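Chemist: Contents of target_32.txt (compact mmCIF, C-alpha atoms and all ligand atoms) are below:
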# COMPACT_ATOMS: atom_id res chain seq x y z
CA MET A 7 37.01 70.01 -171.06
CA ARG A 8 39.70 67.89 -172.74
CA LEU A 9 41.44 67.83 -169.37
CA GLY A 10 38.80 65.47 -168.09
CA VAL A 11 39.42 62.82 -170.73
CA SER A 12 40.93 60.05 -168.67
CA GLY A 13 39.59 57.55 -166.23
CA LEU A 14 37.30 59.35 -163.89
CA PHE A 15 36.08 62.33 -165.80
CA TRP A 16 32.55 61.30 -165.00
CA VAL A 17 33.13 61.95 -161.34
CA VAL A 18 33.59 65.63 -161.75
CA VAL A 19 31.88 66.46 -165.03
CA PRO A 20 28.13 66.21 -165.54
CA PRO A 21 27.28 63.73 -168.33
CA SER A 22 25.29 66.41 -170.16
CA ALA A 23 28.47 68.47 -170.50
CA LEU A 24 30.46 65.48 -171.75
CA HIS A 25 27.96 64.67 -174.44
CA ARG A 26 28.58 68.11 -175.86
CA GLU A 27 32.24 67.21 -176.31
CA ARG A 28 33.29 65.60 -179.55
CA GLY A 29 35.52 62.65 -180.34
CA ALA A 30 37.12 60.02 -178.17
CA ALA A 31 35.82 61.32 -174.87
CA ASP A 32 32.25 60.62 -175.97
CA VAL A 33 33.08 57.08 -176.95
CA ARG A 34 34.80 56.32 -173.70
CA PHE A 35 32.02 57.92 -171.76
CA MET A 36 29.56 55.52 -173.37
CA ASP A 37 31.53 52.56 -172.19
CA ALA A 38 31.85 54.09 -168.76
CA ALA A 39 28.08 54.01 -168.33
CA VAL A 40 28.38 51.20 -165.79
CA ASP A 41 30.81 53.33 -163.86
CA VAL A 42 28.34 56.15 -163.76
CA ARG A 43 25.81 53.94 -162.05
CA PHE A 44 28.46 52.72 -159.66
CA MET A 45 29.41 56.26 -158.82
CA ASP A 46 25.79 57.21 -158.35
CA ALA A 47 25.33 54.41 -155.87
CA THR A 48 28.35 55.28 -153.75
CA PRO A 49 29.18 58.47 -151.86
CA ILE A 50 31.71 60.15 -154.07
CA PRO A 51 34.78 62.03 -152.90
CA SER A 52 34.94 65.74 -153.53
CA HIS A 53 36.64 67.18 -156.58
CA GLU A 54 39.63 68.08 -154.40
CA ALA A 55 39.86 64.59 -152.94
CA VAL A 56 39.81 62.96 -156.38
CA PHE A 57 42.19 65.25 -158.17
CA GLY A 58 44.34 66.51 -155.31
CA GLY A 59 43.77 70.05 -156.44
CA ASP A 60 45.76 69.60 -159.62
CA LEU A 61 43.31 68.69 -162.34
CA LEU A 62 45.73 68.66 -165.28
CA LYS A 63 48.41 66.55 -163.64
CA SER A 64 45.93 64.11 -162.17
CA ALA A 65 43.89 63.73 -165.33
CA GLU A 66 47.07 62.80 -167.19
CA ARG A 67 47.64 60.04 -164.66
CA GLY A 68 44.17 58.60 -165.16
CA ILE A 69 43.71 55.36 -167.08
CA PRO A 70 40.44 55.07 -168.98
CA PHE A 71 38.62 51.78 -169.26
CA VAL A 72 38.63 52.08 -173.06
CA ASP A 73 40.65 54.50 -175.17
CA LEU A 74 39.97 54.54 -178.90
CA ARG A 75 42.24 57.44 -179.73
CA SER A 76 45.22 55.51 -181.07
CA GLN A 77 42.96 53.42 -183.34
CA ASN A 78 41.04 56.44 -184.56
CA ASP A 79 44.17 58.46 -185.26
CA LEU A 80 45.53 55.65 -187.42
CA VAL A 81 42.51 55.58 -189.77
CA ARG A 82 41.23 59.15 -189.53
CA ALA A 83 42.72 60.39 -192.84
CA GLU A 84 41.59 57.35 -194.80
CA VAL A 85 38.07 57.53 -193.38
CA HIS A 86 37.84 61.21 -194.33
CA ARG A 87 38.95 60.37 -197.86
CA ARG A 88 36.38 57.56 -198.17
CA TRP A 89 33.63 59.72 -196.71
CA GLU A 90 34.37 62.49 -199.22
CA LEU A 91 34.05 59.91 -202.03
CA ALA A 92 30.80 58.57 -200.56
CA ILE A 93 29.35 62.07 -200.39
CA ASP A 94 30.26 62.63 -204.03
CA VAL A 95 28.67 59.32 -205.08
CA GLY A 96 25.59 59.99 -202.95
CA THR A 97 24.59 56.40 -202.18
CA PHE A 98 24.50 55.99 -198.42
CA VAL A 99 22.81 52.65 -197.73
CA LEU A 100 24.06 49.29 -199.07
CA GLY A 101 26.43 50.96 -201.52
CA VAL A 102 29.68 49.84 -203.10
CA ASP A 103 31.63 50.41 -199.87
CA VAL A 104 29.27 48.00 -198.07
CA GLU A 105 29.78 45.36 -200.77
CA ARG A 106 33.57 45.80 -200.70
CA PHE A 107 33.58 45.65 -196.91
CA GLU A 108 31.53 42.46 -196.96
CA GLU A 109 34.03 40.83 -199.34
CA GLU A 110 37.07 42.04 -197.40
CA ALA A 111 35.61 41.09 -194.01
CA ALA A 112 34.65 37.60 -195.25
CA ALA A 113 38.23 37.06 -196.48
CA ALA A 114 39.81 38.46 -193.30
CA LEU A 115 37.56 36.48 -190.96
CA GLY A 116 37.84 33.22 -192.92
CA VAL A 117 34.21 32.78 -194.04
CA ALA A 118 32.52 32.59 -197.42
CA HIS A 119 29.88 35.28 -196.82
CA CYS A 120 29.54 38.42 -194.69
CA VAL A 121 26.18 40.23 -194.71
CA GLY A 122 26.40 43.76 -193.25
CA LEU A 123 23.60 44.78 -190.88
CA GLY A 124 22.51 47.65 -188.65
CA ASN A 125 23.85 46.20 -185.36
CA GLY A 126 24.77 42.99 -183.55
CA THR A 127 21.41 42.42 -181.88
CA ASP A 128 19.76 42.43 -185.31
CA ALA A 129 22.48 40.04 -186.46
CA VAL A 130 21.42 37.46 -183.87
CA GLU A 131 17.79 37.84 -184.97
CA VAL A 132 18.61 37.72 -188.69
CA ALA A 133 20.82 34.63 -188.27
CA LEU A 134 18.09 32.81 -186.33
CA ARG A 135 15.34 33.81 -188.77
CA ALA A 136 17.52 32.73 -191.67
CA ALA A 137 17.96 29.39 -189.87
CA GLY A 138 14.17 29.04 -189.74
CA VAL A 139 13.60 29.88 -186.06
CA GLY A 140 10.20 31.39 -185.35
CA ALA A 141 7.15 31.59 -183.09
CA GLY A 142 6.75 28.78 -180.60
CA ASP A 143 10.40 27.67 -180.84
CA GLU A 144 12.83 27.51 -177.95
CA VAL A 145 16.44 28.66 -178.28
CA VAL A 146 19.10 27.64 -175.74
CA VAL A 147 21.47 30.46 -174.77
CA PRO A 148 23.90 31.07 -171.88
CA ALA A 149 22.62 33.31 -169.08
CA PHE A 150 25.98 35.00 -168.64
CA THR A 151 26.21 37.37 -171.59
CA PHE A 152 24.98 40.74 -172.83
CA ALA A 153 21.20 41.11 -173.19
CA GLY A 154 21.58 41.44 -176.97
CA SER A 155 22.33 37.70 -177.21
CA ALA A 156 18.75 36.92 -176.15
CA VAL A 157 16.85 39.95 -177.49
CA GLY A 158 17.28 38.60 -181.03
CA ILE A 159 15.71 35.31 -179.89
CA VAL A 160 12.65 37.04 -178.41
CA ARG A 161 12.23 39.19 -181.53
CA CYS A 162 11.97 36.01 -183.64
CA GLY A 163 8.96 35.05 -181.52
CA ALA A 164 10.99 32.29 -179.86
CA ARG A 165 11.60 31.71 -176.13
CA PRO A 166 15.13 31.88 -174.71
CA VAL A 167 16.03 28.95 -172.46
CA PHE A 168 18.89 30.11 -170.26
CA VAL A 169 21.66 27.73 -169.24
CA ASP A 170 24.66 28.01 -166.97
CA VAL A 171 28.30 28.58 -167.86
CA GLU A 172 31.54 26.78 -167.05
CA GLU A 173 33.09 27.75 -163.75
CA ASP A 174 36.59 28.39 -165.11
CA THR A 175 35.94 30.14 -168.45
CA LEU A 176 32.39 31.50 -167.92
CA LEU A 177 31.61 30.15 -171.41
CA VAL A 178 28.43 28.19 -172.08
CA ASP A 179 28.53 24.70 -170.56
CA PRO A 180 27.87 22.13 -173.33
CA ALA A 181 26.47 19.60 -170.80
CA GLY A 182 23.92 22.21 -169.67
CA VAL A 183 23.02 22.90 -173.29
CA GLU A 184 22.37 19.23 -173.98
CA ALA A 185 20.23 18.89 -170.86
CA ALA A 186 18.13 21.90 -171.91
CA ILE A 187 17.33 20.61 -175.40
CA GLY A 188 13.72 19.46 -175.63
CA PRO A 189 11.06 18.86 -178.28
CA ALA A 190 10.53 22.61 -178.90
CA THR A 191 14.24 23.45 -179.22
CA ALA A 192 15.03 24.87 -182.65
CA ALA A 193 18.49 26.33 -182.06
CA VAL A 194 21.40 26.93 -179.70
CA VAL A 195 23.20 30.30 -179.52
CA ALA A 196 26.85 29.88 -178.47
CA VAL A 197 28.33 33.11 -177.07
CA HIS A 198 32.07 33.76 -177.36
CA LEU A 199 32.26 35.76 -174.15
CA TYR A 200 35.05 38.32 -173.68
CA GLY A 201 36.53 37.30 -177.06
CA GLN A 202 37.11 33.60 -176.44
CA MET A 203 35.33 30.89 -178.38
CA ALA A 204 32.97 28.51 -176.62
CA ASP A 205 33.52 24.77 -177.02
CA MET A 206 32.28 24.66 -180.63
CA GLN A 207 33.38 21.07 -181.19
CA ALA A 208 31.17 19.80 -178.36
CA LEU A 209 28.29 22.11 -179.31
CA GLU A 210 28.47 21.08 -182.97
CA ARG A 211 28.27 17.41 -181.92
CA ILE A 212 25.33 18.02 -179.57
CA CYS A 213 23.36 20.07 -182.10
CA ALA A 214 23.94 17.50 -184.84
CA THR A 215 22.80 14.67 -182.53
CA HIS A 216 19.57 16.47 -181.62
CA GLY A 217 18.93 18.03 -185.05
CA VAL A 218 18.93 21.66 -183.86
CA ALA A 219 20.58 24.65 -185.54
CA LEU A 220 23.79 26.06 -184.05
CA VAL A 221 24.31 29.84 -184.28
CA GLU A 222 27.17 31.82 -182.76
CA ASP A 223 27.11 35.21 -181.05
CA GLY A 224 30.56 36.50 -181.98
CA ALA A 225 29.96 40.15 -181.10
CA GLN A 226 33.12 40.12 -178.96
CA SER A 227 35.30 37.71 -180.89
CA HIS A 228 36.50 39.16 -184.21
CA GLY A 229 39.59 37.16 -185.13
CA ALA A 230 39.21 34.49 -182.41
CA ARG A 231 39.73 30.82 -183.22
CA GLY A 232 38.99 27.51 -181.54
CA HIS A 233 41.10 24.49 -182.57
CA GLY A 234 42.24 26.66 -185.49
CA ALA A 235 38.68 27.25 -186.76
CA PRO A 236 37.22 30.76 -187.05
CA MET A 237 33.65 31.83 -186.31
CA ALA A 238 30.98 30.15 -188.48
CA ALA A 239 33.23 27.19 -189.32
CA ARG A 240 31.22 24.81 -187.11
CA SER A 241 27.81 26.48 -187.17
CA LEU A 242 25.13 27.62 -189.57
CA ALA A 243 26.03 31.26 -188.98
CA ALA A 244 27.76 33.66 -186.60
CA ALA A 245 26.30 37.03 -185.63
CA THR A 246 28.69 39.86 -184.89
CA SER A 247 28.61 43.50 -183.79
CA PHE A 248 30.64 46.51 -184.87
CA TYR A 249 29.68 48.66 -181.87
CA PRO A 250 32.46 51.28 -181.54
CA THR A 251 34.34 49.60 -178.68
CA LYS A 252 34.37 46.13 -180.24
CA ASN A 253 37.66 44.67 -181.56
CA LEU A 254 36.45 45.80 -184.99
CA GLY A 255 34.29 48.83 -184.27
CA ALA A 256 32.49 51.35 -186.46
CA TRP A 257 31.93 55.02 -185.59
CA GLY A 258 28.30 54.23 -184.92
CA ASP A 259 26.25 51.03 -184.96
CA GLY A 260 26.91 48.11 -187.26
CA GLY A 261 26.78 44.32 -187.34
CA ALA A 262 26.96 41.32 -189.66
CA VAL A 263 26.00 37.73 -190.21
CA LEU A 264 28.97 35.53 -191.15
CA THR A 265 28.29 32.19 -192.80
CA ASN A 266 29.68 29.55 -195.13
CA ASP A 267 26.15 28.63 -196.26
CA ALA A 268 25.02 30.41 -199.44
CA GLY A 269 21.34 29.83 -198.56
CA ILE A 270 21.71 31.47 -195.13
CA ALA A 271 23.60 34.41 -196.68
CA SER A 272 20.89 34.94 -199.27
CA ALA A 273 18.13 34.73 -196.62
CA ALA A 274 20.02 37.24 -194.43
CA ARG A 275 20.36 39.67 -197.37
CA THR A 276 16.63 39.43 -197.93
CA ILE A 277 15.63 39.78 -194.26
CA ARG A 278 17.79 42.89 -193.76
CA ASN A 279 15.95 44.63 -196.61
CA TYR A 280 12.25 44.16 -195.77
CA GLY A 281 12.24 40.60 -197.08
CA SER A 282 12.88 41.72 -200.63
CA MET A 283 15.65 41.17 -203.15
CA GLU A 284 13.78 43.15 -205.81
CA LYS A 285 12.18 46.47 -204.86
CA TYR A 286 8.58 46.04 -203.59
CA ASP A 287 8.71 42.28 -203.99
CA HIS A 288 8.53 41.13 -200.35
CA GLY A 289 8.94 37.39 -200.66
CA ARG A 290 9.37 36.75 -196.92
CA PHE A 291 9.16 38.64 -193.64
CA GLY A 292 11.96 41.11 -193.14
CA PHE A 293 12.72 44.52 -191.73
CA ASN A 294 15.28 47.30 -192.08
CA SER A 295 18.74 46.45 -190.80
CA ARG A 296 21.21 47.67 -193.40
CA LEU A 297 24.82 48.64 -192.85
CA ASP A 298 25.37 52.14 -194.16
CA VAL A 299 28.17 53.35 -196.40
CA LEU A 300 29.72 55.72 -193.86
CA GLN A 301 30.14 52.91 -191.31
CA ALA A 302 31.36 50.50 -194.00
CA ALA A 303 34.03 53.06 -194.93
CA VAL A 304 35.24 53.18 -191.31
CA LEU A 305 35.25 49.41 -191.09
CA ARG A 306 37.17 49.07 -194.38
CA ALA A 307 39.81 51.46 -193.07
CA LYS A 308 40.08 49.57 -189.77
CA LEU A 309 39.95 45.98 -191.04
CA PRO A 310 43.63 45.76 -192.14
CA HIS A 311 44.64 46.71 -188.57
CA LEU A 312 42.51 44.08 -186.81
CA GLY A 313 45.32 41.49 -186.64
CA ASP A 314 47.79 43.96 -185.15
CA TRP A 315 45.23 45.33 -182.70
CA ASN A 316 44.33 41.82 -181.56
CA SER A 317 48.06 41.08 -181.04
CA GLN A 318 48.35 44.21 -178.91
CA ARG A 319 45.34 43.06 -176.87
CA SER A 320 46.94 39.65 -176.46
CA GLN A 321 50.27 41.17 -175.33
CA ALA A 322 48.43 43.35 -172.83
CA ALA A 323 46.56 40.30 -171.49
CA GLN A 324 49.87 38.46 -171.10
CA ARG A 325 51.28 41.45 -169.20
CA TYR A 326 48.32 41.47 -166.79
CA TYR A 327 48.90 37.75 -166.26
CA GLU A 328 52.56 38.33 -165.36
CA MET A 329 51.75 41.29 -163.12
CA LEU A 330 48.82 39.75 -161.24
CA ARG A 331 49.42 36.01 -161.07
CA GLY A 332 50.95 36.31 -157.59
CA CYS A 333 47.85 38.03 -156.18
CA PRO A 334 45.51 35.33 -154.80
CA ALA A 335 42.52 37.68 -154.29
CA VAL A 336 42.39 38.36 -158.02
CA ARG A 337 41.26 35.40 -160.10
CA LEU A 338 42.62 35.71 -163.62
CA PRO A 339 40.80 34.64 -166.78
CA THR A 340 41.22 31.07 -168.00
CA VAL A 341 41.93 30.38 -171.67
CA ARG A 342 40.54 27.11 -173.04
CA ALA A 343 43.10 24.76 -174.59
CA HIS A 344 43.56 25.31 -178.35
CA ASN A 345 41.83 28.69 -178.22
CA GLU A 346 43.15 31.89 -179.79
CA HIS A 347 41.53 34.51 -177.56
CA ALA A 348 40.63 37.86 -179.13
CA TRP A 349 40.78 39.56 -175.69
CA HIS A 350 37.86 41.90 -176.23
CA LEU A 351 37.70 42.21 -172.43
CA TYR A 352 40.12 41.29 -169.65
CA SER A 353 37.73 40.28 -166.91
CA VAL A 354 39.09 39.13 -163.54
CA GLN A 355 37.07 37.97 -160.54
CA VAL A 356 37.42 39.55 -157.12
CA PRO A 357 35.63 39.35 -153.77
CA GLU A 358 33.96 42.59 -152.59
CA ARG A 359 34.00 43.93 -156.14
CA GLU A 360 32.50 47.34 -155.45
CA GLY A 361 35.26 48.09 -152.92
CA CYS A 362 37.82 47.02 -155.49
CA ARG A 363 36.28 49.26 -158.15
CA ARG A 364 36.29 52.04 -155.65
CA ALA A 365 40.02 51.57 -154.98
CA LEU A 366 40.69 51.74 -158.73
CA ALA A 367 38.39 54.72 -159.16
CA ASP A 368 40.18 56.57 -156.34
CA GLU A 369 43.35 56.24 -158.43
CA MET A 370 41.51 57.39 -161.57
CA ILE A 371 41.47 53.96 -163.16
CA GLY A 372 38.37 53.05 -165.14
CA SER A 373 36.84 49.57 -164.96
CA GLY A 374 33.71 47.77 -166.15
CA VAL A 375 31.36 44.99 -165.09
CA HIS A 376 30.40 42.48 -167.78
CA TYR A 377 27.77 41.63 -166.58
CA PRO A 378 26.17 42.56 -163.24
CA THR A 379 22.98 40.49 -163.73
CA PRO A 380 22.64 37.16 -165.53
CA LEU A 381 19.91 37.23 -168.17
CA HIS A 382 17.53 34.82 -166.40
CA LEU A 383 17.29 37.38 -163.56
CA LEU A 384 16.72 40.43 -165.76
CA PRO A 385 13.11 41.62 -165.58
CA MET A 386 12.99 41.90 -169.38
CA PHE A 387 13.38 38.14 -169.79
CA GLN A 388 11.49 36.88 -166.74
CA ASP A 389 8.42 34.85 -167.44
CA GLY A 390 7.90 33.55 -163.92
CA ASP A 391 8.21 34.46 -160.25
CA PRO A 392 11.60 36.16 -159.81
CA SER A 393 12.03 34.76 -156.30
CA THR A 394 12.15 31.22 -157.63
CA MET A 395 14.69 32.06 -160.30
CA PHE A 396 17.63 32.65 -157.96
CA GLY A 397 19.96 29.74 -157.49
CA ARG A 398 18.92 28.10 -160.73
CA LEU A 399 22.12 28.98 -162.57
CA PRO A 400 24.63 29.24 -159.72
CA VAL A 401 27.81 29.77 -161.71
CA ALA A 402 26.37 32.70 -163.68
CA GLU A 403 24.89 34.21 -160.52
CA ALA A 404 28.15 33.98 -158.57
CA ALA A 405 30.17 35.36 -161.50
CA ALA A 406 27.87 38.37 -161.83
CA ASP A 407 28.89 39.43 -158.29
CA ARG A 408 32.60 39.03 -158.88
CA VAL A 409 33.57 39.94 -162.44
CA LEU A 410 35.58 43.09 -163.02
CA SER A 411 36.92 44.18 -166.42
CA LEU A 412 40.27 45.98 -166.36
CA PRO A 413 41.40 48.60 -168.89
CA LEU A 414 42.50 46.85 -172.09
CA TYR A 415 42.73 48.27 -175.59
CA PRO A 416 45.26 48.54 -178.41
CA GLY A 417 47.77 51.16 -177.33
CA ILE A 418 47.56 50.62 -173.55
CA THR A 419 51.09 50.91 -172.21
CA ALA A 420 52.98 48.59 -169.85
CA ALA A 421 53.31 51.53 -167.46
CA GLN A 422 49.54 52.02 -167.40
CA GLN A 423 49.02 48.33 -166.73
CA GLU A 424 51.65 48.38 -163.98
CA ARG A 425 49.71 51.15 -162.30
CA VAL A 426 46.47 49.11 -162.52
CA ALA A 427 48.23 46.05 -161.10
CA GLU A 428 49.85 48.08 -158.31
CA VAL A 429 46.50 49.41 -157.16
CA LEU A 430 44.91 45.95 -157.31
CA VAL A 431 47.73 44.38 -155.34
CA SER A 432 47.54 46.97 -152.59
CA TRP A 433 43.74 46.69 -152.46
CA ALA A 434 44.17 42.89 -152.11
CA GLU A 435 46.70 43.34 -149.29
CA ALA A 436 44.34 45.68 -147.43
CA LEU A 437 41.54 43.12 -147.89
CA ARG A 438 43.75 40.36 -146.49
CA LEU A 439 44.64 42.39 -143.43
CA ARG A 440 40.99 43.27 -142.83
CA THR A 441 39.34 39.92 -143.50
CA GLY A 442 42.10 37.32 -143.56
CA ARG A 443 41.11 36.39 -147.17
C1 LIG B 1 27.78 39.25 -176.63
C2 LIG B 1 27.02 40.35 -177.33
N1 LIG B 1 25.94 40.03 -178.05
C3 LIG B 1 25.23 40.97 -178.72
C4 LIG B 1 25.60 42.29 -178.70
C5 LIG B 1 24.75 43.28 -179.41
O1 LIG B 1 25.44 44.06 -180.34
P1 LIG B 1 24.93 45.53 -180.70
O2 LIG B 1 25.21 46.41 -179.54
O3 LIG B 1 25.71 45.89 -181.92
O4 LIG B 1 23.46 45.42 -181.00
C6 LIG B 1 26.74 42.67 -177.98
C7 LIG B 1 27.21 44.08 -177.97
O5 LIG B 1 27.30 44.81 -177.10
C8 LIG B 1 27.46 41.68 -177.26
O6 LIG B 1 28.54 41.99 -176.53
As structure tokens, what does this structure read like?
Modeler:
Amino acid sequence: MRLGVSGLFWVVVPPSALHRERGAADVRFMDAAVDVRFMDATPIPSHEAVFGGDLLKSAERGIPFVDLRSQNDLVRAEVHRRWELAIDVGTFVLGVDVERFEEEAAAALGVAHCVGLGNGTDAVEVALRAAGVGAGDEVVVPAFTFAGSAVGIVRCGARPVFVDVEEDTLLVDPAGVEAAIGPATAAVVAVHLYGQMADMQALERICATHGVALVEDGAQSHGARGHGAPMAARSLAAATSFYPTKNLGAWGDGGAVLTNDAGIASAARTIRNYGSMEKYDHGRFGFNSRLDVLQAAVLRAKLPHLGDWNSQRSQAAQRYYEMLRGCPAVRLPTVRAHNEHAWHLYSVQVPEREGCRRALADEMIGSGVHYPTPLHLLPMFQDGDPSTMFGRLPVAEAAADRVLSLPLYPGITAAQQERVAEVLVSWAEALRLRTGR
């Protein structure tokens, strides 16, 4: 089974079999979920056609969309040591490791307080609740992001108001945010898509002018900066996720609220623990969203490597830029001026995306789509007639048809990236010959 680890293992191996495998293959399979749907929707080549009859050799050539092995190998021994200690101590929820992680993460990410939570979606909800958002409120949020950005809004009892994104960066458009603010608006959620910070200076100004809270969704942006400022520097709080594939990822679910406001931190600590600071004294509404000791131990072991891993991501992004800038069919990501991008994802835009994915898949190269449907068109968020929703947020809708995330992770080699670029360039040439584009 280990032979099927790279790139396209989902083509030839039933998911049920993969889930029985342990370790990195599982993790990468999770992130390849989009690819599974893509493969389902398209006639797939036979096993022979994909692997040329030589499974071992071909699987070695494959390039997965995400590969966590080099990160995991680096921290494996330390995590085992910490887990042994945790088992001896016997406190598994909100223990000393969680407290130490919160202190270390706050210092590393440049904020005063880090409050560890169960996942990033909860973090959005907890940050908004701590900011006083509740039933009847409206919260402005970009439509082009992961559903988790808006689920936290709905769970507060508030209504998400979706706005469009900037054409070049696909980050929330501050002008659209300002136009969407009305009498019921309580907060704005800025999303740092793909690891790059939204225009926090403009958003801070707009929110201050209109007296609404500004909260960040930094699930993808550990270590990113805008004009030198980290997450939570220009807002009430930033929510983040430690989902395994994130720049700082646990070996399970995890999340946090980051803030420089002691009142918000204290409220978040209360909300994550059933609204109580003292046992059975439930002073406010809360629920259970506590980071556990085993995940905190993984995160503590990984945290010192975050800077190096982000540099490796940045180098890999620079390499893609050099390799693909001469290929007009592939639109490369734009970095905002004065931004330090954390490169969680390297998402290009291409015409006829499914054909392009297919060309990569045929060469055993994994890819992802972040995201195929903007949130205002997802049934889970629709409160009106879907047919009238189309065309309302044209940039997000067009981007959803074109975005394609290429393999990018700490440890990806220049040779692997060259292979990805080679396949893209020849796909683009075939497209040009066929369509003239
Ligand atoms: C932008 C964004 N917001 C929110 C979330 C939700 O985080 P989690 O999966 O930890 O709940 C994610 C994670 O996938 C995300 O990418």
Chemist: If we count all atoms listed in the file and set the cut-off at 7 Å, which residues sit around region 242-250 of chain A, ignoring sequence neighbours fewer than 3 positions away in its own chain? Please answer as a ChimeraX atom specification.
Modeler: /A:125-126,129-130,133,219-225,237-238,254-265,267
Chemist: Neighbours of Val426 (chain A) within 9 Å (only C-alpha atoms; same-chain residues fewer than 4 positions away dropped), as a PyMOL selection string?
Modeler: chain A and resi 69+326+366+369+371+412-413+421-422+430-431
Chemist: Give me, please, the distance in Å between CA of Ala343 (chain A) and CA of Gly397 (chain A), quoted to one decimal.
Modeler: 29.2 Å
Chemist: Would you mind listing, for every residue of region 351-390 of chain A within 12 Å of region 169-173 of chain A, the two atoms forming the shortest contact and the distance between them in Å to one decimal, using all atoms listed in the file, sorted by chain and ascending residue number, as CSV?
Modeler:
residue,atom,partner,partner_atom,distance
A:Gln355,CA,A:Glu173,CA,11.4
A:Pro380,CA,A:Asp170,CA,9.5
A:Leu381,CA,A:Val169,CA,9.7
A:His382,CA,A:Val169,CA,8.7
Chemist: If we count all atoms listed in the file and set the cut-off at 10 Å, which residues sit around Val194 (chain A), ignoring sequence neighbours fewer than 3 positions away in its own chain? Please answer as JSON, numbers by chain.
Modeler: {"A": [134, 144, 145, 146, 147, 148, 166, 167, 183, 184, 186, 187, 191, 197, 209, 210, 212, 213, 218, 219, 220, 221, 222, 241]}
Chemist: Do you know which residues are at most 10 Å from Leu177 (chain A) counting all atoms listed in the file, after dropping those on the same chain fewer than 5 positions away, and could you put them as a PyMOL selection string?
Modeler: chain A and resi 148-151+170-172+196-200+202-205+342+402
Chemist: Given 3 Å of margin on each side, can you work out the centre and size in Å (one decimal) of an axis-aligned box holding every listed atom of ligand LIG 1 (chain B), as AutoDock Vina command-line options?
Modeler:
--center_x 26.0 --center_y 42.8 --center_z -179.2 --size_x 11.1 --size_y 13.2 --size_z 11.4
Chemist: Just the residues within 6 Å of region 300-315 of chain A, please, counting only C-alpha atoms, with nothing from its chain fewer than 3 positions along; format it as a PDB file with C-alpha atoms, in the frame of the given file.
Modeler:
ATOM      1  CA  VAL A  81      42.510  55.580-189.770  1.00  0.00           C
ATOM      2  CA  VAL A  85      38.070  57.530-193.380  1.00  0.00           C
ATOM      3  CA  ASP A 103      31.630  50.410-199.870  1.00  0.00           C
ATOM      4  CA  VAL A 104      29.270  48.000-198.070  1.00  0.00           C
ATOM      5  CA  PHE A 107      33.580  45.650-196.910  1.00  0.00           C
ATOM      6  CA  ALA A 256      32.490  51.350-186.460  1.00  0.00           C
ATOM      7  CA  GLN A 318      48.350  44.210-178.910  1.00  0.00           C
ATOM      8  CA  PRO A 416      45.260  48.540-178.410  1.00  0.00           C
TER       9      PRO A 416
END
Chemist: I need the residue nearest Thr175 (chain A) from this list: A:Gly269, A:Pro339, A:Gly234, A:Gly101. Use all atoms listed in the file for the distance.
Modeler: A:Pro339
Chemist: My list of candidates is A:Val178, A:Ala118, A:Ala113, A:Ala273. Which is closest to ligand LIG 1 (chain B) when distances are computed with only C-alpha atoms and all ligand atoms?
Modeler: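 Nearest candidate to ligand LIG 1 (chain B) out of A:Val178, A:Ala118, A:Ala113, A:Ala273: A:Val178.
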Chemist: Can you tell me how far CA of Val72 (chain A) sits from CA of His376 (chain A), in Å to one decimal?
Modeler: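 Answer for the CA of Val72 (chain A) to CA of His376 (chain A) separation: 13.7 Å.
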Chemist: State, in Å with one decimal place, the distance from CA of Val139 (chain A) to CA of Val157 (chain A).
Modeler: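 Separation of CA of Val139 (chain A) and CA of Val157 (chain A): 13.6 Å.
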Chemist: For ligand LIG 1 (chain B), which residue out of A:Met395, A:Leu351, A:Ala335, A:Leu414 is the nearest one, using only C-alpha atoms and all ligand atoms?
Modeler: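 Among A:Met395, A:Leu351, A:Ala335, A:Leu414, it is A:Leu351 that comes nearest to ligand LIG 1 (chain B).
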Chemist: Name the closest residue to Arg296 (chain A) among the candidates A:Pro70, A:Gly122, A:Gly138, A:Gly229; distances are taken between atoms, counting all atoms listed in the file.
Modeler: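 Selected residue with least distance to Arg296 (chain A): A:Gly122.
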Chemist: Given the choices A:Ala420, A:Val132, A:Ala436, A:Ala112, which gets closest to Gln324 (chain A) if the distance is worked out from only C-alpha atoms?
Modeler: A:Ala420
